[in-house]
>>> print(open('query.tsv').read())   # TSV, C-alpha atoms
chain	number	residue	atom	x	y	z
A	364	MET	CA	20.69	22.48	14.01
A	365	ALA	CA	23.62	24.53	12.81
A	366	THR	CA	25.13	23.99	9.41
A	367	SER	CA	28.10	21.63	9.63
A	368	ASN	CA	31.33	21.86	7.70
A	369	HIS	CA	31.51	19.16	5.03
A	370	THR	CA	33.32	18.54	1.80
A	371	GLY	CA	30.27	18.31	-0.42
A	372	PHE	CA	30.21	14.50	-0.46
A	373	SER	CA	26.65	13.15	-0.24
A	374	HIS	CA	25.45	9.55	0.05
A	375	THR	CA	23.19	8.46	-2.80
A	376	VAL	CA	22.72	4.89	-1.58
A	377	PHE	CA	21.36	3.95	1.84
A	378	CYS	CA	21.11	0.69	3.73
A	379	LEU	CA	17.91	-0.16	5.58
A	380	LEU	CA	18.61	-2.37	8.61
A	381	GLY	CA	15.04	-3.55	9.21
A	382	ILE	CA	14.30	-3.69	12.93
A	383	PRO	CA	17.52	-2.73	14.76
A	384	GLY	CA	18.43	-4.94	17.68
A	385	LEU	CA	16.18	-7.73	16.47
A	386	GLU	CA	18.12	-8.78	13.37
A	387	ASN	CA	18.33	-12.38	14.60
A	388	GLN	CA	14.52	-12.50	14.81
A	389	HIS	CA	13.84	-11.08	11.34
A	390	MET	CA	12.72	-14.41	9.90
A	391	TRP	CA	10.15	-14.87	12.66
A	392	ILE	CA	9.04	-11.23	12.51
A	393	SER	CA	8.46	-11.62	8.78
A	394	ILE	CA	5.64	-14.12	9.39
A	395	PRO	CA	3.10	-11.63	10.87
A	396	PHE	CA	4.24	-9.06	8.29
A	397	PHE	CA	3.58	-11.45	5.40
A	398	VAL	CA	0.27	-12.75	6.80
A	399	SER	CA	-0.98	-9.23	7.53
A	400	TYR	CA	-0.02	-8.06	4.04
A	401	VAL	CA	-1.79	-10.98	2.34
A	402	ILE	CA	-4.93	-10.39	4.44
A	403	ALA	CA	-4.80	-6.66	3.63
A	404	LEU	CA	-4.44	-7.29	-0.12
A	405	LEU	CA	-7.15	-9.95	-0.31
A	406	GLY	CA	-9.59	-8.20	2.03
A	407	ASN	CA	-9.33	-4.77	0.47
A	408	SER	CA	-9.30	-6.10	-3.10
A	409	LEU	CA	-12.45	-8.09	-2.36
A	410	LEU	CA	-14.14	-5.02	-0.89
A	411	ILE	CA	-13.21	-2.89	-3.91
A	412	PHE	CA	-14.45	-5.59	-6.32
A	413	ILE	CA	-17.77	-6.06	-4.50
A	414	ILE	CA	-18.49	-2.33	-4.15
A	415	LEU	CA	-17.65	-1.57	-7.78
A	416	THR	CA	-19.60	-4.52	-9.25
A	417	ARG	CA	-22.74	-4.34	-7.05
A	418	ARG	CA	-25.00	-1.41	-7.93
A	419	SER	CA	-26.82	-1.79	-4.61
A	420	LEU	CA	-23.57	-0.71	-2.91
A	421	HIS	CA	-23.11	2.44	-5.01
A	422	GLU	CA	-24.04	4.65	-2.09
A	423	PRO	CA	-21.86	7.32	-0.43
A	424	MET	CA	-20.57	5.34	2.56
A	425	CYS	CA	-19.61	2.34	0.41
A	426	LEU	CA	-17.93	4.55	-2.20
A	427	PHE	CA	-15.89	6.24	0.52
A	428	LEU	CA	-15.04	2.79	1.88
A	429	CYS	CA	-13.87	1.81	-1.62
A	430	MET	CA	-11.52	4.83	-1.60
A	431	LEU	CA	-10.26	3.82	1.85
A	432	SER	CA	-9.59	0.26	0.69
A	433	GLY	CA	-7.66	1.54	-2.33
A	434	ALA	CA	-5.54	3.75	-0.06
A	435	ASP	CA	-4.98	0.80	2.28
A	436	VAL	CA	-3.59	-1.30	-0.57
A	437	VAL	CA	-1.22	1.49	-1.63
A	438	LEU	CA	-0.10	2.22	1.94
A	439	SER	CA	0.73	-1.39	2.81
A	440	THR	CA	2.40	-2.01	-0.57
A	441	CYS	CA	4.67	1.01	-0.09
A	442	MET	CA	6.26	-0.50	3.02
A	443	VAL	CA	5.71	-4.25	3.48
A	444	PRO	CA	7.42	-5.69	0.33
A	445	GLN	CA	10.53	-3.65	1.16
A	446	ALA	CA	10.45	-4.92	4.76
A	447	LEU	CA	10.04	-8.54	3.62
A	448	ALA	CA	12.98	-8.15	1.22
A	449	ILE	CA	15.11	-7.05	4.19
A	450	PHE	CA	13.87	-9.88	6.43
A	451	TRP	CA	14.22	-12.66	3.84
A	452	PHE	CA	17.06	-11.61	1.54
A	453	HIS	CA	18.92	-8.89	3.51
A	454	ALA	CA	18.14	-6.62	0.55
A	455	GLY	CA	18.23	-3.33	2.41
A	456	GLU	CA	20.09	-1.26	-0.16
A	457	ILE	CA	18.03	1.62	-1.55
A	458	PHE	CA	18.94	4.60	-3.73
A	459	LEU	CA	18.15	8.11	-2.52
A	460	GLY	CA	15.64	8.66	-5.33
A	461	SER	CA	13.82	5.43	-4.45
A	462	CYS	CA	13.91	6.35	-0.77
A	463	ILE	CA	12.32	9.76	-1.41
A	464	THR	CA	9.72	8.15	-3.70
A	465	GLN	CA	8.80	5.64	-1.01
A	466	LEU	CA	8.39	8.23	1.73
A	467	PHE	CA	6.41	10.46	-0.66
A	468	PHE	CA	3.81	7.76	-1.27
A	469	ILE	CA	3.73	6.62	2.37
A	470	HIS	CA	3.11	10.11	3.75
A	471	SER	CA	0.73	11.22	1.00
A	472	THR	CA	-1.34	8.03	1.24
A	473	PHE	CA	-1.48	8.39	5.02
A	474	ILE	CA	-2.86	11.92	4.60
A	475	SER	CA	-5.33	10.60	1.99
A	476	GLU	CA	-6.65	8.04	4.47
A	477	SER	CA	-7.02	10.75	7.09
A	478	GLY	CA	-9.03	12.85	4.63
A	479	ILE	CA	-11.23	9.87	3.71
A	480	LEU	CA	-11.98	9.21	7.38
A	481	LEU	CA	-12.97	12.87	7.73
A	482	VAL	CA	-15.46	12.71	4.85
A	483	MET	CA	-16.80	9.42	6.23
A	484	ALA	CA	-17.50	11.26	9.50
A	485	PHE	CA	-19.27	13.93	7.45
A	486	ASP	CA	-21.24	11.14	5.75
A	487	CYS	CA	-22.35	9.82	9.15
A	488	TYR	CA	-23.41	13.32	10.19
A	489	ILE	CA	-25.51	13.79	7.04
A	490	ALA	CA	-27.02	10.28	7.34
A	491	ILE	CA	-28.18	10.90	10.91
A	492	CYS	CA	-28.99	14.62	10.95
A	493	TYR	CA	-30.36	15.02	7.39
A	494	THR	CA	-31.67	11.54	6.63
A	495	LEU	CA	-34.34	12.58	4.10
A	496	ARG	CA	-31.90	14.76	2.15
A	497	TYR	CA	-28.99	12.28	2.35
A	498	THR	CA	-28.88	11.13	-1.28
A	499	GLY	CA	-29.69	14.62	-2.50
A	500	ILE	CA	-26.71	16.12	-0.67
A	501	LEU	CA	-24.12	13.40	-1.30
A	502	THR	CA	-24.52	12.95	-5.04
A	503	ASN	CA	-22.09	10.93	-7.15
A	504	SER	CA	-20.79	14.18	-8.62
A	505	LEU	CA	-20.01	15.59	-5.16
A	506	ILE	CA	-18.38	12.32	-4.07
A	507	GLY	CA	-16.12	12.45	-7.13
A	508	LYS	CA	-15.14	16.04	-6.36
A	509	ILE	CA	-14.46	15.13	-2.72
A	510	GLY	CA	-12.24	12.24	-3.81
A	511	MET	CA	-10.29	14.49	-6.17
A	512	THR	CA	-9.88	17.12	-3.42
A	513	ILE	CA	-8.51	14.49	-1.02
A	514	PHE	CA	-6.06	13.32	-3.68
A	515	LEU	CA	-4.86	16.83	-4.53
A	516	ARG	CA	-4.51	17.84	-0.89
A	517	SER	CA	-2.47	14.79	0.10
A	518	TYR	CA	-0.10	14.78	-2.86
A	519	GLY	CA	0.09	18.57	-3.05
A	520	THR	CA	1.18	19.01	0.58
A	521	ILE	CA	3.82	16.26	0.41
A	522	PHE	CA	5.22	17.18	-3.03
A	523	PRO	CA	7.46	20.05	-1.73
A	524	ILE	CA	9.19	17.57	0.60
A	525	ILE	CA	10.81	15.99	-2.48
A	526	PHE	CA	12.70	19.23	-3.18
A	527	LEU	CA	13.37	19.91	0.51
A	528	LEU	CA	15.15	16.56	0.74
A	529	LYS	CA	16.93	16.73	-2.62
A	530	ARG	CA	18.61	20.00	-1.64
A	531	LEU	CA	20.25	18.34	1.39
A	532	THR	CA	23.72	16.80	1.59
A	533	PHE	CA	23.74	13.43	3.33
A	534	CYS	CA	27.35	13.07	4.50
A	535	ARG	CA	26.87	11.79	8.06
A	536	ASN	CA	25.75	8.22	7.59
A	537	ASN	CA	23.95	6.01	5.10
A	538	ILE	CA	22.67	3.40	7.54
A	539	LEU	CA	18.93	3.79	8.20
A	540	PRO	CA	17.72	1.75	11.21
A	541	HIS	CA	14.26	1.17	9.77
A	542	THR	CA	12.23	-1.01	7.40
A	543	GLY	CA	11.49	1.96	5.13
A	544	CYS	CA	12.25	5.61	4.46
A	545	GLU	CA	10.65	8.43	6.44
A	546	HIS	CA	11.06	12.18	6.25
A	547	THR	CA	12.06	12.64	9.89
A	548	GLY	CA	14.43	9.68	9.66
A	549	LEU	CA	16.16	10.79	6.47
A	550	ASP	CA	16.75	14.47	7.25
A	551	ARG	CA	18.42	13.43	10.51
A	552	TYR	CA	21.46	12.27	8.48
A	553	SER	CA	21.93	15.56	6.66
A	554	CYS	CA	24.90	17.83	7.29
A	555	ASP	CA	22.85	20.89	6.31
A	556	ASP	CA	20.40	23.01	8.25
A	557	VAL	CA	17.06	21.15	8.28
A	558	HIS	CA	14.96	23.74	10.12
A	559	VAL	CA	12.92	24.35	6.96
A	560	ASN	CA	12.20	20.60	6.70
A	561	ILE	CA	11.18	20.40	10.34
A	562	TRP	CA	8.86	23.39	10.19
A	563	TYR	CA	7.31	22.33	6.90
A	564	GLY	CA	6.73	18.83	8.28
A	565	PHE	CA	5.05	20.41	11.30
A	566	PHE	CA	2.89	22.58	9.02
A	567	VAL	CA	1.81	19.54	6.97
A	568	LEU	CA	0.93	17.60	10.12
A	569	MET	CA	-1.11	20.45	11.62
A	570	SER	CA	-2.89	21.43	8.39
A	571	THR	CA	-3.90	17.88	7.46
A	572	VAL	CA	-3.99	15.12	10.08
A	573	VAL	CA	-4.45	17.31	13.19
A	574	LEU	CA	-7.09	19.44	11.43
A	575	ASP	CA	-8.87	16.25	10.30
A	576	VAL	CA	-8.92	14.90	13.85
A	577	MET	CA	-10.40	18.15	15.16
A	578	LEU	CA	-13.12	18.20	12.48
A	579	ILE	CA	-13.93	14.51	13.07
A	580	PHE	CA	-14.28	15.25	16.79
A	581	ILE	CA	-16.62	18.18	16.07
A	582	SER	CA	-18.65	15.99	13.68
A	583	TYR	CA	-19.18	13.34	16.31
A	584	MET	CA	-20.11	15.89	18.94
A	585	LEU	CA	-22.86	17.10	16.58
A	586	ILE	CA	-23.85	13.50	15.82
A	587	LEU	CA	-24.13	12.61	19.52
A	588	ARG	CA	-26.16	15.75	20.21
A	589	ALA	CA	-28.56	14.81	17.41
A	590	VAL	CA	-28.76	11.15	18.47
A	591	PHE	CA	-29.63	11.88	22.11
A	592	GLN	CA	-32.45	14.16	20.98
A	593	ILE	CA	-34.16	11.18	19.29
A	594	PRO	CA	-37.03	10.06	21.54
A	595	SER	CA	-37.03	6.39	20.50
A	596	LYS	CA	-34.43	4.15	22.18
A	597	ASP	CA	-34.34	1.76	19.21
A	598	ALA	CA	-33.83	4.66	16.80
A	599	ARG	CA	-30.97	5.96	18.95
A	600	HIS	CA	-29.34	2.53	18.95
A	601	LYS	CA	-29.73	2.22	15.17
A	602	ALA	CA	-28.24	5.68	14.63
A	603	LEU	CA	-25.23	4.92	16.84
A	604	ASN	CA	-24.73	1.56	15.14
A	605	THR	CA	-24.64	3.32	11.76
A	606	CYS	CA	-21.30	4.92	12.64
A	607	GLY	CA	-19.95	2.21	14.95
A	608	SER	CA	-17.58	0.67	12.42
A	609	HIS	CA	-16.30	4.11	11.44
A	610	VAL	CA	-15.41	4.90	15.05
A	611	CYS	CA	-13.48	1.60	15.29
A	612	VAL	CA	-11.52	2.44	12.14
A	613	ILE	CA	-10.76	5.97	13.40
A	614	ILE	CA	-9.32	4.60	16.66
A	615	LEU	CA	-7.33	1.98	14.76
A	616	PHE	CA	-5.92	4.55	12.32
A	617	TYR	CA	-5.07	7.46	14.61
A	618	GLY	CA	-4.30	5.49	17.80
A	619	PRO	CA	-0.85	4.11	16.89
A	620	GLY	CA	0.08	7.33	15.08
A	621	ILE	CA	-0.59	9.44	18.18
A	622	PHE	CA	2.22	7.55	19.92
A	623	SER	CA	4.46	6.94	16.90
A	624	ALA	CA	4.85	10.52	15.60
A	625	PRO	CA	6.16	12.19	18.79
A	626	ILE	CA	8.32	9.17	19.61
A	627	GLU	CA	9.89	9.30	16.13
A	628	ARG	CA	10.79	12.98	16.50
A	629	PHE	CA	11.47	13.38	20.25
A	630	GLY	CA	11.90	9.89	21.76
A	631	ARG	CA	15.70	9.87	21.83
A	632	HIS	CA	15.94	7.52	24.83
A	633	ILE	CA	13.43	4.93	23.65
A	634	LEU	CA	14.84	1.69	22.21
A	635	PRO	CA	15.19	1.93	18.41
A	636	HIS	CA	13.15	-1.19	17.69
A	637	ILE	CA	10.17	0.36	19.53
A	638	HIS	CA	10.26	3.26	17.05
A	639	VAL	CA	10.30	0.91	14.08
A	640	LEU	CA	7.66	-1.50	15.40
A	641	LEU	CA	5.23	1.35	16.17
A	642	ALA	CA	5.74	2.85	12.70
A	643	ASN	CA	5.03	-0.53	11.12
A	644	VAL	CA	1.91	-1.03	13.24
A	645	CYS	CA	0.61	2.25	11.76
A	646	ILE	CA	1.18	0.82	8.28
A	647	LEU	CA	0.03	-2.77	8.86
A	648	ALA	CA	-2.90	-2.66	11.27
A	649	PRO	CA	-5.46	-0.44	9.45
A	650	PRO	CA	-5.21	-2.13	6.01
A	651	LYS	CA	-5.48	-5.56	7.62
A	652	LEU	CA	-8.37	-4.85	9.98
A	653	ASN	CA	-10.49	-2.30	8.09
A	654	PRO	CA	-12.06	-4.87	5.71
A	655	ILE	CA	-12.73	-7.19	8.64
A	656	ILE	CA	-14.41	-4.43	10.68
A	657	TYR	CA	-16.63	-3.27	7.82
A	658	GLY	CA	-17.29	-6.84	6.70
A	659	ILE	CA	-18.66	-7.68	10.14
A	660	LYS	CA	-20.47	-4.42	10.98
A	661	ASN	CA	-22.02	-3.56	7.60
A	662	LYS	CA	-24.86	-5.97	6.77
A	663	GLN	CA	-25.00	-5.01	3.08
A	664	ILE	CA	-21.31	-5.71	2.57
A	665	ARG	CA	-21.45	-8.86	4.70
A	666	ASP	CA	-24.33	-10.26	2.62
A	667	GLN	CA	-22.55	-9.48	-0.66
A	668	VAL	CA	-19.30	-11.06	0.53
A	669	THR	CA	-21.21	-14.17	1.55
A	670	HIS	CA	-22.94	-14.23	-1.83
A	671	VAL	CA	-19.66	-13.91	-3.77
A	672	LEU	CA	-17.69	-16.43	-1.73
A	673	PHE	CA	-20.26	-19.14	-1.02
A	674	THR	CA	-23.25	-19.14	-3.39
A	675	LYS	CA	-21.21	-20.25	-6.39
A	676	VAL	CA	-20.31	-23.42	-4.54
A	677	ILE	CA	-23.97	-24.52	-4.52
>>> encode(input="query.tsv", output="structure tokens")
Amino acid sequence: MATSNHTGFSHTVFCLLGIPGLENQHMWISIPFFVSYVIALLGNSLLIFIILTRRSLHEPMCLFLCMLSGADVVLSTCMVPQALAIFWFHAGEIFLGSCITQLFFIHSTFISESGILLVMAFDCYIAICYTLRYTGILTNSLIGKIGMTIFLRSYGTIFPIIFLLKRLTFCRNNILPHTGCEHTGLDRYSCDDVHVNIWYGFFVLMSTVVLDVMLIFISYMLILRAVFQIPSKDARHKALNTCGSHVCVIILFYGPGIFSAPIERFGRHILPHIHVLLANVCILAPPKLNPIIYGIKNKQIRDQVTHVLFTKVI
């Protein structure tokens, strides 16, 4: 995009429209948003509480799940309250600084979740292929270092975007047809050359999420190879069931994003509300369903949830 002539004026306040084309339905649309957010908050908070307070759950997979639940809470909180404010009170006004802050936490938390899913795939690989050495390999010290690495990678790769956006002049428009701020959505309204933003965004995507997907795929190829070499049918079934919930969460997390990302950047002829709804599915679905999936599939967690919720009634 060539640099446009402009007077130096730059918008510092933007107006979020919510879901364009469906403004008359905002009150109805807010219902699934609100219900999903409440379920995400309660479900993930309960998982975090149970894992942190039950020593029997202080094992690698549960600790990684605790990290995932924390990221889910942050991810949903970055977007949903803002969307509900638009739906209920038409409060779509947002300052540029707040907009950049929101997109920073949305993108960095998304990358954090991707990294957590990668190390959970690694956990499955160790649990199945090196069962006897499992606790010796994945020590609490290593888990802490992995968590810190995920945090530094996600926030470190997104941090330069703050300065890439702050250098731009936004003189075209200040109406954002979305429920929240996104990098690709915001730089579209700049009058300056945004090639650096585009290429850096592409670099971040390839070096984090795409790389994670490739490594997860390789991990599961190694897991499947190891599983089908097990002579016992029951042992094979048990090994596959160990990672079943993780596979469900991977599909839930990456599935909507596979369609949303290219549509957001290249889908010029697709209806605007499809863009926004897909982006919100990426934010809403994983935090809402992850606790349910793990609560059903993981017997240890299921038993502890039952104990916390129902035994005190007796």
>>> closest_residue(input="query.tsv", among="A:Arg599, A:Arg516, A:Arg496, A:Arg418", to="Thr472 in chain A", atoms="all atoms listed in the file")
A:Arg516
>>> residues_around(input="query.tsv", residues="range 581-585 of chain A", least_positions_apart="3", cutoff="7 Å", atoms="only C-alpha atoms", output="MDAnalysis selection string")
chainID A and resid 484:485 488 577:578 588:589
>>> closest_residue(input="query.tsv", among="A:Leu615, A:Ile524, A:Ala434, A:Leu447", to="Ser393 in chain A", atoms="all atoms listed in the file")
A:Leu447
>>> residues_around(input="query.tsv", residues="range 547-554 of chain A", least_positions_apart="5", cutoff="6 Å", atoms="all atoms listed in the file", output="PyMOL selection string")
chain A and resi 367+532-533+535-536
>>> closest_residue(input="query.tsv", among="A:Tyr518, A:Phe565, A:Phe591, A:Phe473", to="Gly433 in chain A", atoms="only C-alpha atoms")
A:Phe473
>>> atom_distance(input="query.tsv", atom1="CA of Tyr493 in chain A", atom2="CA of Ser570 in chain A")
28.2 Å
>>> axis_aligned_box(input="query.tsv", around="range 399-407 of chain A", padding_each_side="6 Å", output="lines of an AutoDock Vina configuration file")
center_x = -4.8
center_y = -7.9
center_z = 3.6
size_x = 21.6
size_y = 18.2
size_z = 19.8
>>> closest_atom_pairs(input="query.tsv", of="range 488-588 of chain A", to="range 460-466 of chain A", cutoff="10 Å", atoms="only C-alpha atoms", output="CSV")
residue,atom,partner,partner_atom,distance
A:Ile521,CA,A:Leu466,CA,9.3
A:Ile524,CA,A:Ile463,CA,8.7
A:Ile525,CA,A:Ile463,CA,6.5
A:Phe526,CA,A:Ile463,CA,9.6
A:Leu528,CA,A:Ile463,CA,7.7
A:Lys529,CA,A:Ile463,CA,8.4
A:Gly543,CA,A:Gln465,CA,7.6
A:Cys544,CA,A:Leu466,CA,5.4
A:Glu545,CA,A:Leu466,CA,5.2
A:His546,CA,A:Leu466,CA,6.6
A:Thr547,CA,A:Leu466,CA,10.0
A:Leu549,CA,A:Cys462,CA,8.8
>>> residues_around(input="query.tsv", residues="range 645-659 of chain A", least_positions_apart="2", cutoff="9 Å", atoms="only C-alpha atoms", output="PDB file with C-alpha atoms, in the coordinates of the input")
ATOM      1  CA  PHE A 396       4.240  -9.060   8.290  1.00  0.00           C
ATOM      2  CA  SER A 399      -0.980  -9.230   7.530  1.00  0.00           C
ATOM      3  CA  TYR A 400      -0.020  -8.060   4.040  1.00  0.00           C
ATOM      4  CA  VAL A 401      -1.790 -10.980   2.340  1.00  0.00           C
ATOM      5  CA  ILE A 402      -4.930 -10.390   4.440  1.00  0.00           C
ATOM      6  CA  ALA A 403      -4.800  -6.660   3.630  1.00  0.00           C
ATOM      7  CA  LEU A 404      -4.440  -7.290  -0.120  1.00  0.00           C
ATOM      8  CA  GLY A 406      -9.590  -8.200   2.030  1.00  0.00           C
ATOM      9  CA  ASN A 407      -9.330  -4.770   0.470  1.00  0.00           C
ATOM     10  CA  LEU A 409     -12.450  -8.090  -2.360  1.00  0.00           C
ATOM     11  CA  LEU A 410     -14.140  -5.020  -0.890  1.00  0.00           C
ATOM     12  CA  LEU A 428     -15.040   2.790   1.880  1.00  0.00           C
ATOM     13  CA  LEU A 431     -10.260   3.820   1.850  1.00  0.00           C
ATOM     14  CA  SER A 432      -9.590   0.260   0.690  1.00  0.00           C
ATOM     15  CA  ALA A 434      -5.540   3.750  -0.060  1.00  0.00           C
ATOM     16  CA  ASP A 435      -4.980   0.800   2.280  1.00  0.00           C
ATOM     17  CA  VAL A 436      -3.590  -1.300  -0.570  1.00  0.00           C
ATOM     18  CA  LEU A 438      -0.100   2.220   1.940  1.00  0.00           C
ATOM     19  CA  SER A 439       0.730  -1.390   2.810  1.00  0.00           C
ATOM     20  CA  MET A 442       6.260  -0.500   3.020  1.00  0.00           C
ATOM     21  CA  VAL A 443       5.710  -4.250   3.480  1.00  0.00           C
ATOM     22  CA  ILE A 469       3.730   6.620   2.370  1.00  0.00           C
ATOM     23  CA  PHE A 473      -1.480   8.390   5.020  1.00  0.00           C
ATOM     24  CA  SER A 608     -17.580   0.670  12.420  1.00  0.00           C
ATOM     25  CA  HIS A 609     -16.300   4.110  11.440  1.00  0.00           C
ATOM     26  CA  CYS A 611     -13.480   1.600  15.290  1.00  0.00           C
ATOM     27  CA  VAL A 612     -11.520   2.440  12.140  1.00  0.00           C
ATOM     28  CA  LEU A 615      -7.330   1.980  14.760  1.00  0.00           C
ATOM     29  CA  PHE A 616      -5.920   4.550  12.320  1.00  0.00           C
ATOM     30  CA  TYR A 617      -5.070   7.460  14.610  1.00  0.00           C
ATOM     31  CA  GLY A 618      -4.300   5.490  17.800  1.00  0.00           C
ATOM     32  CA  PRO A 619      -0.850   4.110  16.890  1.00  0.00           C
ATOM     33  CA  GLY A 620       0.080   7.330  15.080  1.00  0.00           C
ATOM     34  CA  SER A 623       4.460   6.940  16.900  1.00  0.00           C
ATOM     35  CA  LEU A 640       7.660  -1.500  15.400  1.00  0.00           C
ATOM     36  CA  LEU A 641       5.230   1.350  16.170  1.00  0.00           C
ATOM     37  CA  ALA A 642       5.740   2.850  12.700  1.00  0.00           C
ATOM     38  CA  ASN A 643       5.030  -0.530  11.120  1.00  0.00           C
ATOM     39  CA  ASN A 661     -22.020  -3.560   7.600  1.00  0.00           C
ATOM     40  CA  LYS A 662     -24.860  -5.970   6.770  1.00  0.00           C
ATOM     41  CA  GLN A 663     -25.000  -5.010   3.080  1.00  0.00           C
ATOM     42  CA  ILE A 664     -21.310  -5.710   2.570  1.00  0.00           C
ATOM     43  CA  ARG A 665     -21.450  -8.860   4.700  1.00  0.00           C
ATOM     44  CA  ASP A 666     -24.330 -10.260   2.620  1.00  0.00           C
ATOM     45  CA  VAL A 668     -19.300 -11.060   0.530  1.00  0.00           C
TER      46      VAL A 668
END
>>> atom_distance(input="query.tsv", atom1="CA of Gly384 in chain A", atom2="CA of Ile538 in chain A")
13.8 Å
>>> atom_distance(input="query.tsv", atom1="CA of Pro635 in chain A", atom2="CA of Thr542 in chain A")
11.8 Å
>>> closest_residue(input="query.tsv", among="A:Thr520, A:Ser475, A:Asn387, A:Asn604", to="Ile586 in chain A", atoms="all atoms listed in the file")
A:Asn604
>>> closest_residue(input="query.tsv", among="A:Leu568, A:Gln445, A:Gln388, A:Val482", to="Ile509 in chain A", atoms="only C-alpha atoms")
A:Val482
>>> residues_around(input="query.tsv", residues="Glu456 in chain A", least_positions_apart="3", cutoff="9 Å", atoms="all atoms listed in the file", output="list in words")
Val376, Phe377, Cys378, Leu379, Leu380, Ile449 and His453 of chain A
